[in-house]
There are 2 protein chains.
Amino acid sequence: MLTQEMIKSLAKPTPSKIVLLVLDGLGGLPDSKTGKTELETANIPNLDRLAKLGVCGLSMPIGPGITPGSAPGHTALFGYDPVAVSIGRGVLEAVGVDFPVKRGDVLVRGNFCTVDKAGNITDRRAGRISTELNARLCPLLEMQVQDVRVLTAPVKEHRFVIAFRGKGLSPEVTESDPQIAGVSPSPLTALSSKAAKMARIANQFAELAGAILKNKKPANMILMRGFSQIPRLLSMQEIYQLKPAAIATYPMYRGLARLVGMDILPTGATIKDEITTLKKYYKDYDFFFLHIKKPDAAGEDGDFARKVQALEEIDRFIPSIMNMKPDVIVVTGDHSTPAVLKGHSWHPVPTILYSQFCRFDAVTEFSESACLRGGLGIFPATHIMPLAMANALKLNKYGA
Amino acid sequence: MLTQEMIKSLAKPTPSKIVLLVLDGLGGLPDSKTGKTELETANIPNLDRLAKLGVCGLSMPIGPGITPGSAPGHTALFGYDPVAVSIGRGVLEAVGVDFPVKRGDVLVRGNFCTVDKAGNITDRRAGRISTELNARLCPLLEMQVQDVRVLTAPVKEHRFVIAFRGKGLSPEVTESDPQIAGVSPSPLTALSSKAAKMARIANQFAELAGAILKNKKPANMILMRGFSQIPRLLSMQEIYQLKPAAIATYPMYRGLARLVGMDILPTGATIKDEITTLKKYYKDYDFFFLHIKKPDAAGEDGDFARKVQALEEIDRFIPSIMNMKPDVIVVTGDHSTPAVLKGHSWHPVPTILYSQFCRFDAVTEFSESACLRGGLGIFPATHIMPLAMANALKLNKYGA
């Protein structure tokens, strides 16, 4: 079986360059009227041409029938086993707001909530307070609890991040969110002996937070869940001997890229901005993760036409990428987001691998049905990095 | 998952015969002018016919993006996990010169080198001495060190094989080749307690070798690396209940076949000789591994036209094989060797499985692109033996 250790033992640095273009939520399903998917509806001559020049297939992020969240969808694309590498809810919330996470931090998803005089929860979401109010409340909760520093960061509405920074902390504790109203927040208990300190500190923090927020109704208490630490991963530098950089407009994707060791390049909010960033830093790195959020956002909204437009907009920038002459271009997605499902789905994701040595196939257009007949077949998303590395001639021979 | 234990538990001896025809380096890449691969360029009516009569696919020797060496490429074809079964450098060098390896031998790759008066290395390859000189020096190094017999065999230029034969030897020792000049050969140290004896014997041997070679400048010292033993494998007889034989013109492939228990049949240097050997021994065995080196050699040289010619030459012998009426014929390769890459590559390998019961597909020619549409799909090379066994009706039903 293909392992990260094997890839690591074979990887070598070369001047060749790889661009991994991730079109979030790329795959789709047919519109009931036309019988065509978003990709099949879109006018995308440049992606069609790239599909013709390259080798195509359908990437399976996790497994058949499994709908991926953004985190496992991306860890698979980066070549990590998306099931073995678990990224906890607390970590995701933190990296999603560019919180400067440190190894060892225990990260927690916090909710502001409302409690009555007896301390029982009346609203687990504090009436979904405004993000602005959230941002004013968070700093009040930054404190020192014994030898542990408690840091916070607002997310959205009632959601915020808590980071416990100190020695000897383990995330193996229960949650304080009882998931129902009418009861008081649950005390936190350690699930292993090494988590005793974490439980003690977190309970103390909850009590102090309650005191601080006492008069801040509806946000007069907090709930905590998703205790987690950043996973211990080999970085992409260590595995692939690459110098990798990420270009992404949404913080969560930058955060995921940072977890695997990528440099995060400053960029603007549009696809054009992202391409400009790629051009600007092109000589400085040999691997670029270029994340484009638009197709997913449209798919999540169930807006078929807007997803088609997003794909057509991306298509217009393909020549700019090709003109930089990367040795390898991969076009894929972290998962499918069919507009008809208004959400992520389990369907495998159309993928192009383009290089001088990719052994092209008979595919002449970029679509779900065309990729099904492609030279890569239906394949696990974790194969993308080894294939990109091989095509960039960055892997030595295995065995004599 | 398919395991060797399962196949072993199902295998039964029958009179049916299997021919595994391995065209070394079979797969290719398109020529930039014609857009056609070597196979697609070659005029191979007989292989095309076999592809039409059989079921086709693309075999993946190790995994996506992984370029196989000859050893793992072949162990996979023989049905062994090519990653779990590791064949060390010393073993490979030994089997590559038909050295009569015994179980328990610790085999080492030796280099003749040059040292100065202080004992520091001035040339790690002793000026690439002639193979003839090498062959004269090797016998001088055969000796007894305590209770261990030391045997040697010349390979090529400065390279030779050392075999330590005795009780209680383990290959878990460091190497004496420091990989740079200007320093003395490294003393060997045991990497585990059970290798203490091996390290002691090898250091003593190095000292004695230095004394023997003292006046043989430039070859006045030796370096040792790749300490290894033949892996503990079930033989093909044990797994498959076969009586297997190998026909190969190059010693390394004979050696690999011997490691898995095949009889090695005497043969000549040409493809015609190999076919004659097959005919001569056809009645005596029920499994033949027939190895043809030519396509790989041409591919390694970057000689597209010569690889095409080699394929056409092989094609002319296909009717002779079919006329013997084997129950199963498999045509495949241990890896691809595209002329444009001048070396082994990671691309999956065109494969034909022919039998009376193979459920043929729509493929009507033998090529990379045609095999992609074949009934076997893209599949791990380790599936070839189970499929061949099944098609030869040599596997019982699994479960009741």
# chains A, B, ... in the order shown; residues from 1 in each chain; ligands from 1

call {"tool": "select_by_dssp", "arguments": {"residues": "range 224-313 of chain B", "states": "helix (DSSP H, G or I)", "output": "ChimeraX atom specification"}}
result
/B:236-240,251-259,271-284,294-300,304-313

call {"tool": "residues_around", "arguments": {"residues": "Phe317 in chain A", "least_positions_apart": "2", "cutoff": "9 Å", "atoms": "only C-alpha atoms", "output": "list in words"}}
result
Asn46, Ile271, Lys272, Ile275, Glu313, Ile314, Asp315, Pro319, Ser320, Ile321 and Met322 of chain A

call {"tool": "interface_residues", "arguments": {"of": "chain A", "to": "chain B", "cutoff": "8 Å", "atoms": "only C-alpha atoms", "output": "ChimeraX atom specification"}}
result
/A:1-2,357,359,361-362,373,375,377,383,386-391,395-400

call {"tool": "residues_around", "arguments": {"residues": "Cys113 in chain A", "least_positions_apart": "2", "cutoff": "7 Å", "atoms": "only C-alpha atoms", "output": "count of residues only"}}
result
12

call {"tool": "residues_around", "arguments": {"residues": "Pro139 in chain B", "least_positions_apart": "6", "cutoff": "12 Å", "atoms": "only C-alpha atoms", "output": "MDAnalysis selection string"}}
result
chainID B and resid 133 150:154 160:162 209 212:213

call {"tool": "closest_residue", "arguments": {"among": "A:Ser176, A:Ser130, A:Gln4, A:Gln204", "to": "Phe78 in chain A", "atoms": "only C-alpha atoms"}}
result
A:Gln4

call {"tool": "residues_around", "arguments": {"residues": "Pro171 in chain A", "least_positions_apart": "5", "cutoff": "10 Å", "atoms": "only C-alpha atoms", "output": "ChimeraX atom specification"}}
result
/A:88,90,104-108,164,190-192,194-196,198-199,226-229

call {"tool": "select_by_dssp", "arguments": {"residues": "range 22-81 of chain A", "states": "strand (DSSP E or B)", "output": "ChimeraX atom specification"}}
result
/A:22-23,26-27,55-60

call {"tool": "write_last_selection", "arguments": {"atoms": "N, CA, C and O atoms", "output": "mmCIF file, in the first residue's frame"}}
result
data_model
loop_
_atom_site.group_PDB
_atom_site.id
_atom_site.type_symbol
_atom_site.label_atom_id
_atom_site.label_comp_id
_atom_site.auth_asym_id
_atom_site.auth_seq_id
_atom_site.Cartn_x
_atom_site.Cartn_y
_atom_site.Cartn_z
ATOM 1 N N VAL A 22 -7.715 24.148 -6.587
ATOM 2 C CA VAL A 22 -8.865 23.509 -5.951
ATOM 3 C C VAL A 22 -10.098 24.388 -6.133
ATOM 4 O O VAL A 22 -10.176 25.492 -5.579
ATOM 5 N N LEU A 23 -11.030 23.886 -6.924
ATOM 6 C CA LEU A 23 -12.294 24.587 -7.127
ATOM 7 C C LEU A 23 -13.285 23.982 -6.129
ATOM 8 O O LEU A 23 -13.800 22.877 -6.328
ATOM 9 N N LEU A 26 -16.501 21.556 -6.589
ATOM 10 C CA LEU A 26 -16.499 21.483 -8.064
ATOM 11 C C LEU A 26 -17.576 20.577 -8.658
ATOM 12 O O LEU A 26 -18.315 20.979 -9.557
ATOM 13 N N GLY A 27 -17.678 19.343 -8.208
ATOM 14 C CA GLY A 27 -18.588 18.388 -8.837
ATOM 15 C C GLY A 27 -20.042 18.757 -8.630
ATOM 16 O O GLY A 27 -20.388 19.453 -7.668
ATOM 17 N N VAL A 55 -4.561 14.248 -18.338
ATOM 18 C CA VAL A 55 -5.232 12.980 -18.059
ATOM 19 C C VAL A 55 -6.303 13.270 -17.000
ATOM 20 O O VAL A 55 -6.074 14.061 -16.083
ATOM 21 N N CYS A 56 -7.462 12.656 -17.156
ATOM 22 C CA CYS A 56 -8.592 13.000 -16.293
ATOM 23 C C CYS A 56 -9.060 11.817 -15.463
ATOM 24 O O CYS A 56 -8.697 10.671 -15.713
ATOM 25 N N GLY A 57 -9.899 12.121 -14.496
ATOM 26 C CA GLY A 57 -10.474 11.077 -13.661
ATOM 27 C C GLY A 57 -11.431 11.692 -12.675
ATOM 28 O O GLY A 57 -11.725 12.887 -12.731
ATOM 29 N N LEU A 58 -11.932 10.849 -11.771
ATOM 30 C CA LEU A 58 -12.835 11.318 -10.722
ATOM 31 C C LEU A 58 -12.201 10.996 -9.378
ATOM 32 O O LEU A 58 -11.864 9.838 -9.090
ATOM 33 N N SER A 59 -12.022 12.024 -8.582
ATOM 34 C CA SER A 59 -11.356 11.869 -7.289
ATOM 35 C C SER A 59 -12.380 11.597 -6.194
ATOM 36 O O SER A 59 -13.409 12.254 -6.100
ATOM 37 N N MET A 60 -12.071 10.603 -5.367
ATOM 38 C CA MET A 60 -12.946 10.217 -4.257
ATOM 39 C C MET A 60 -12.301 10.709 -2.967
ATOM 40 O O MET A 60 -11.286 10.155 -2.528
#

call {"tool": "atom_distance", "arguments": {"atom1": "CA of Thr276 in chain B", "atom2": "CA of Leu50 in chain B"}}
result
20.4 Å

call {"tool": "closest_residue", "arguments": {"among": "B:Leu21, B:Met252, B:Ile247, B:Ala76", "to": "Ala269 in chain B", "atoms": "only C-alpha atoms"}}
result
B:Ile247

call {"tool": "closest_residue", "arguments": {"among": "A:Asp273, A:Glu207, A:Asp301, A:Glu365", "to": "Ile44 in chain A", "atoms": "only C-alpha atoms"}}
result
A:Glu365

call {"tool": "residues_around", "arguments": {"residues": "Asp327 in chain B", "least_positions_apart": "2", "cutoff": "7 Å", "atoms": "only C-alpha atoms", "output": "tab-separated table (two decimals) with N, CA and C atoms, in the first residue's frame"}}
result
chain	number	residue	atom	x	y	z
B	16	SER	N	-4.07	-27.74	-15.72
B	16	SER	CA	-4.09	-26.54	-16.57
B	16	SER	C	-2.78	-25.76	-16.45
B	17	LYS	N	-2.46	-25.03	-17.51
B	17	LYS	CA	-1.16	-24.35	-17.58
B	17	LYS	C	-1.32	-22.84	-17.76
B	18	ILE	N	-0.42	-22.11	-17.10
B	18	ILE	CA	-0.41	-20.64	-17.14
B	18	ILE	C	0.92	-20.17	-17.71
B	325	LYS	N	-1.24	-23.93	-26.64
B	325	LYS	CA	-2.56	-23.96	-26.00
B	325	LYS	C	-2.53	-23.91	-24.47
B	329	ILE	N	-2.97	-17.20	-20.67
B	329	ILE	CA	-1.79	-16.41	-21.05
B	329	ILE	C	-1.99	-15.01	-20.48
B	355	SER	N	-7.97	-16.34	-21.51
B	355	SER	CA	-8.34	-17.71	-21.18
B	355	SER	C	-9.70	-17.97	-21.80
B	392	ALA	N	-7.47	-20.32	-14.72
B	392	ALA	CA	-6.98	-21.68	-14.96
B	392	ALA	C	-7.79	-22.70	-14.15
